[in-house]
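Everything below belongs to upload-v8.cif, which stores mmCIF, C-alpha atoms.
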```
data_work
#
loop_
_atom_site.group_PDB
_atom_site.id
_atom_site.type_symbol
_atom_site.label_atom_id
_atom_site.label_comp_id
_atom_site.auth_asym_id
_atom_site.auth_seq_id
_atom_site.Cartn_x
_atom_site.Cartn_y
_atom_site.Cartn_z
ATOM 1 C CA ALA A 76 239.813 162.328 93.025
ATOM 2 C CA GLU A 77 238.048 164.220 95.793
ATOM 3 C CA LEU A 78 239.587 166.973 97.937
ATOM 4 C CA SER A 79 238.307 167.218 101.518
ATOM 5 C CA PRO A 80 236.556 170.473 102.520
ATOM 6 C CA ASP A 81 239.370 171.366 104.924
ATOM 7 C CA GLY A 82 241.962 170.735 102.195
ATOM 8 C CA SER A 83 243.910 168.184 104.246
ATOM 9 C CA ARG A 84 243.013 164.977 102.384
ATOM 10 C CA ILE A 85 242.568 163.663 98.857
ATOM 11 C CA ALA A 86 240.589 160.492 98.145
ATOM 12 C CA VAL A 87 241.411 158.528 95.006
ATOM 13 C CA THR A 88 239.093 155.722 93.883
ATOM 14 C CA THR A 89 240.037 152.751 91.731
ATOM 15 C CA ARG A 90 238.354 150.323 89.387
ATOM 16 C CA SER A 91 239.745 147.461 91.459
ATOM 17 C CA GLY A 92 237.536 148.282 94.452
ATOM 18 C CA SER A 93 239.808 150.296 96.697
ATOM 19 C CA THR A 94 240.000 153.913 97.778
ATOM 20 C CA ILE A 95 243.206 155.548 98.988
ATOM 21 C CA VAL A 96 243.198 158.641 101.211
ATOM 22 C CA TRP A 97 246.324 160.790 100.881
ATOM 23 C CA SER A 98 247.556 163.735 102.920
ATOM 24 C CA SER A 99 247.467 166.776 100.677
ATOM 25 C CA THR A 100 250.287 168.421 102.620
ATOM 26 C CA SER A 101 252.823 165.604 103.010
ATOM 27 C CA GLY A 102 251.735 163.346 100.165
ATOM 28 C CA SER A 103 251.731 160.327 102.478
ATOM 29 C CA ARG A 104 249.082 157.644 102.482
ATOM 30 C CA MET A 105 246.688 158.159 105.402
ATOM 31 C CA ALA A 106 244.332 155.232 104.822
ATOM 32 C CA SER A 107 243.562 152.448 102.395
ATOM 33 C CA LEU A 108 239.863 151.635 102.369
ATOM 34 C CA GLN A 109 239.307 147.971 101.641
ATOM 35 C CA GLY A 110 236.029 146.100 101.352
ATOM 36 C CA GLU A 111 234.427 147.291 98.148
ATOM 37 C CA THR A 112 233.448 144.465 95.818
ATOM 38 C CA GLY A 113 233.002 146.529 92.693
ATOM 39 C CA TRP A 114 234.321 149.503 90.805
ATOM 40 C CA VAL A 115 234.287 152.528 93.138
ATOM 41 C CA GLU A 116 232.360 155.198 91.251
ATOM 42 C CA SER A 117 232.848 158.154 93.592
ATOM 43 C CA ALA A 118 233.891 159.329 97.030
ATOM 44 C CA ARG A 119 232.617 162.339 98.971
ATOM 45 C CA PHE A 120 233.977 163.804 102.201
ATOM 46 C CA SER A 121 231.642 165.009 104.949
ATOM 47 C CA ASP A 122 231.634 168.752 105.682
ATOM 48 C CA ASP A 123 234.022 168.267 108.625
ATOM 49 C CA SER A 124 236.324 165.983 106.542
ATOM 50 C CA THR A 125 236.205 163.186 109.147
ATOM 51 C CA ARG A 126 234.025 160.807 107.131
ATOM 52 C CA LEU A 127 234.218 159.576 103.563
ATOM 53 C CA MET A 128 231.260 158.120 101.667
ATOM 54 C CA THR A 129 231.999 155.783 98.779
ATOM 55 C CA VAL A 130 229.592 154.369 96.218
ATOM 56 C CA SER A 131 230.346 151.480 93.940
ATOM 57 C CA ARG A 132 228.847 149.301 91.280
ATOM 58 C CA ASP A 133 228.043 146.636 93.865
ATOM 59 C CA GLY A 134 225.093 148.832 94.936
ATOM 60 C CA ILE A 135 226.348 149.554 98.454
ATOM 61 C CA VAL A 136 226.991 152.996 99.916
ATOM 62 C CA ARG A 137 229.754 152.872 102.526
ATOM 63 C CA VAL A 138 230.753 155.422 105.155
ATOM 64 C CA TRP A 139 234.350 155.360 106.416
ATOM 65 C CA ASP A 140 236.478 157.105 109.027
ATOM 66 C CA SER A 141 238.640 159.083 106.594
ATOM 67 C CA SER A 142 241.803 159.163 108.698
ATOM 68 C CA ARG A 143 241.863 155.589 110.027
ATOM 69 C CA GLY A 144 240.185 153.791 107.122
ATOM 70 C CA LEU A 145 237.624 152.050 109.322
ATOM 71 C CA LEU A 146 234.249 151.127 107.886
ATOM 72 C CA ILE A 147 231.516 152.850 109.927
ATOM 73 C CA SER A 148 228.325 151.834 108.130
ATOM 74 C CA THR A 149 226.869 150.372 104.947
ATOM 75 C CA LEU A 150 223.649 151.046 103.084
ATOM 76 C CA PRO A 151 222.595 148.486 100.470
ATOM 77 C CA THR A 152 220.657 149.940 97.541
ATOM 78 C CA PRO A 153 218.513 148.233 94.901
ATOM 79 C CA GLY A 154 220.971 148.921 92.066
ATOM 80 C CA CYS A 155 224.183 150.437 90.817
ATOM 81 C CA ILE A 156 224.975 153.846 92.344
ATOM 82 C CA VAL A 157 227.314 156.193 90.487
ATOM 83 C CA ASP A 158 227.292 159.241 92.781
ATOM 84 C CA ALA A 159 225.962 160.488 96.119
ATOM 85 C CA GLU A 160 226.055 163.629 98.238
ATOM 86 C CA TRP A 161 225.952 164.316 101.968
ATOM 87 C CA SER A 162 222.811 165.941 103.361
ATOM 88 C CA LEU A 163 222.694 168.090 106.492
ATOM 89 C CA ASP A 164 219.301 166.705 107.468
#
```
How does the structure come out when it is put into structure tokens?
Amino acid sequence: AELSPDGSRIAVTTRSGSTIVWSSTSGSRMASLQGETGWVESARFSDDSTRLMTVSRDGIVRVWDSSRGLLISTLPTPGCIVDAEWSLD
């Protein structure tokens, strides 16, 4: 699980290829991120908590709108990715 920098959201990844974003204050589901085709290895929130990056065993890095669950962009990689971090540059 990954807590957003502003403390408002928690992202939970699954082996089945989904990621759920929960409100840390109310406990309600904010978004269900669908579209992964492999085990989701990790999720990382952007510094402003508005974006969520997921990496999975299918070798694709995905960037999502963390409150609406919309896929913003994808980045195919040459192999399995197990973790990633945001960079300010």
ask   = With all atoms listed in the file as the basis for distance, which of A:Thr94, A:Thr149, A:Ser141, A:Ser83 is at the shortest distance from Ser121 in chain A?
value = A:Ser141
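Near range 123-135 of chain A, within a cut-off of 8 Å and counting only C-alpha atoms, sit the residues Ser79, Pro80, Asp81, Arg84, Gly92, Glu111, Thr112, Gly113, Trp114, Val115, Glu116, Ser117, Ala118, Asp140, Ser141, Ser142, Thr149, Leu150, Pro151, Thr152, Pro153, Gly154, Cys155, Ile156, Val157, Asp158 and Ala159 of chain A, with same-chain residues fewer than 5 positions away left out.
Residues matching the PyMOL selection byres ((chain A and resi 163) around 10) in this structure come to Ser121, Asp122, Glu160, Trp161, Ser162 and Asp164 of chain A.
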message = One number please: CA of Val138 in chain A to CA of Thr100 in chain A, in Å, one decimal.
response = 23.6 Å
ask   = Between A:Val136, A:Leu145, A:Leu78, A:Leu108, which is the closest to Ser93 in chain A once you count only C-alpha atoms?
value = A:Leu108
Mind working out the centre and edge lengths of an axis-aligned box for range 92-103 of chain A, all listed atoms inside, 4 Å added to each side, rounded to one decimal in Å and written as JSON?
```
{"center_x": 245.2, "center_y": 158.4, "center_z": 98.7, "size_x": 23.3, "size_y": 28.1, "size_z": 16.6}
```
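The interatomic distance for the pair CA of Glu77 in chain A and CA of Phe120 in chain A works out to 7.6 Å.
Between CA of Ser103 in chain A and CA of Ile147 in chain A lies a distance of 22.8 Å.
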Residue with smallest distance to Arg143 in chain A - pool A:Ala106, A:Ile85, A:Arg90, A:Arg119, counting only C-alpha atoms = A:Ala106
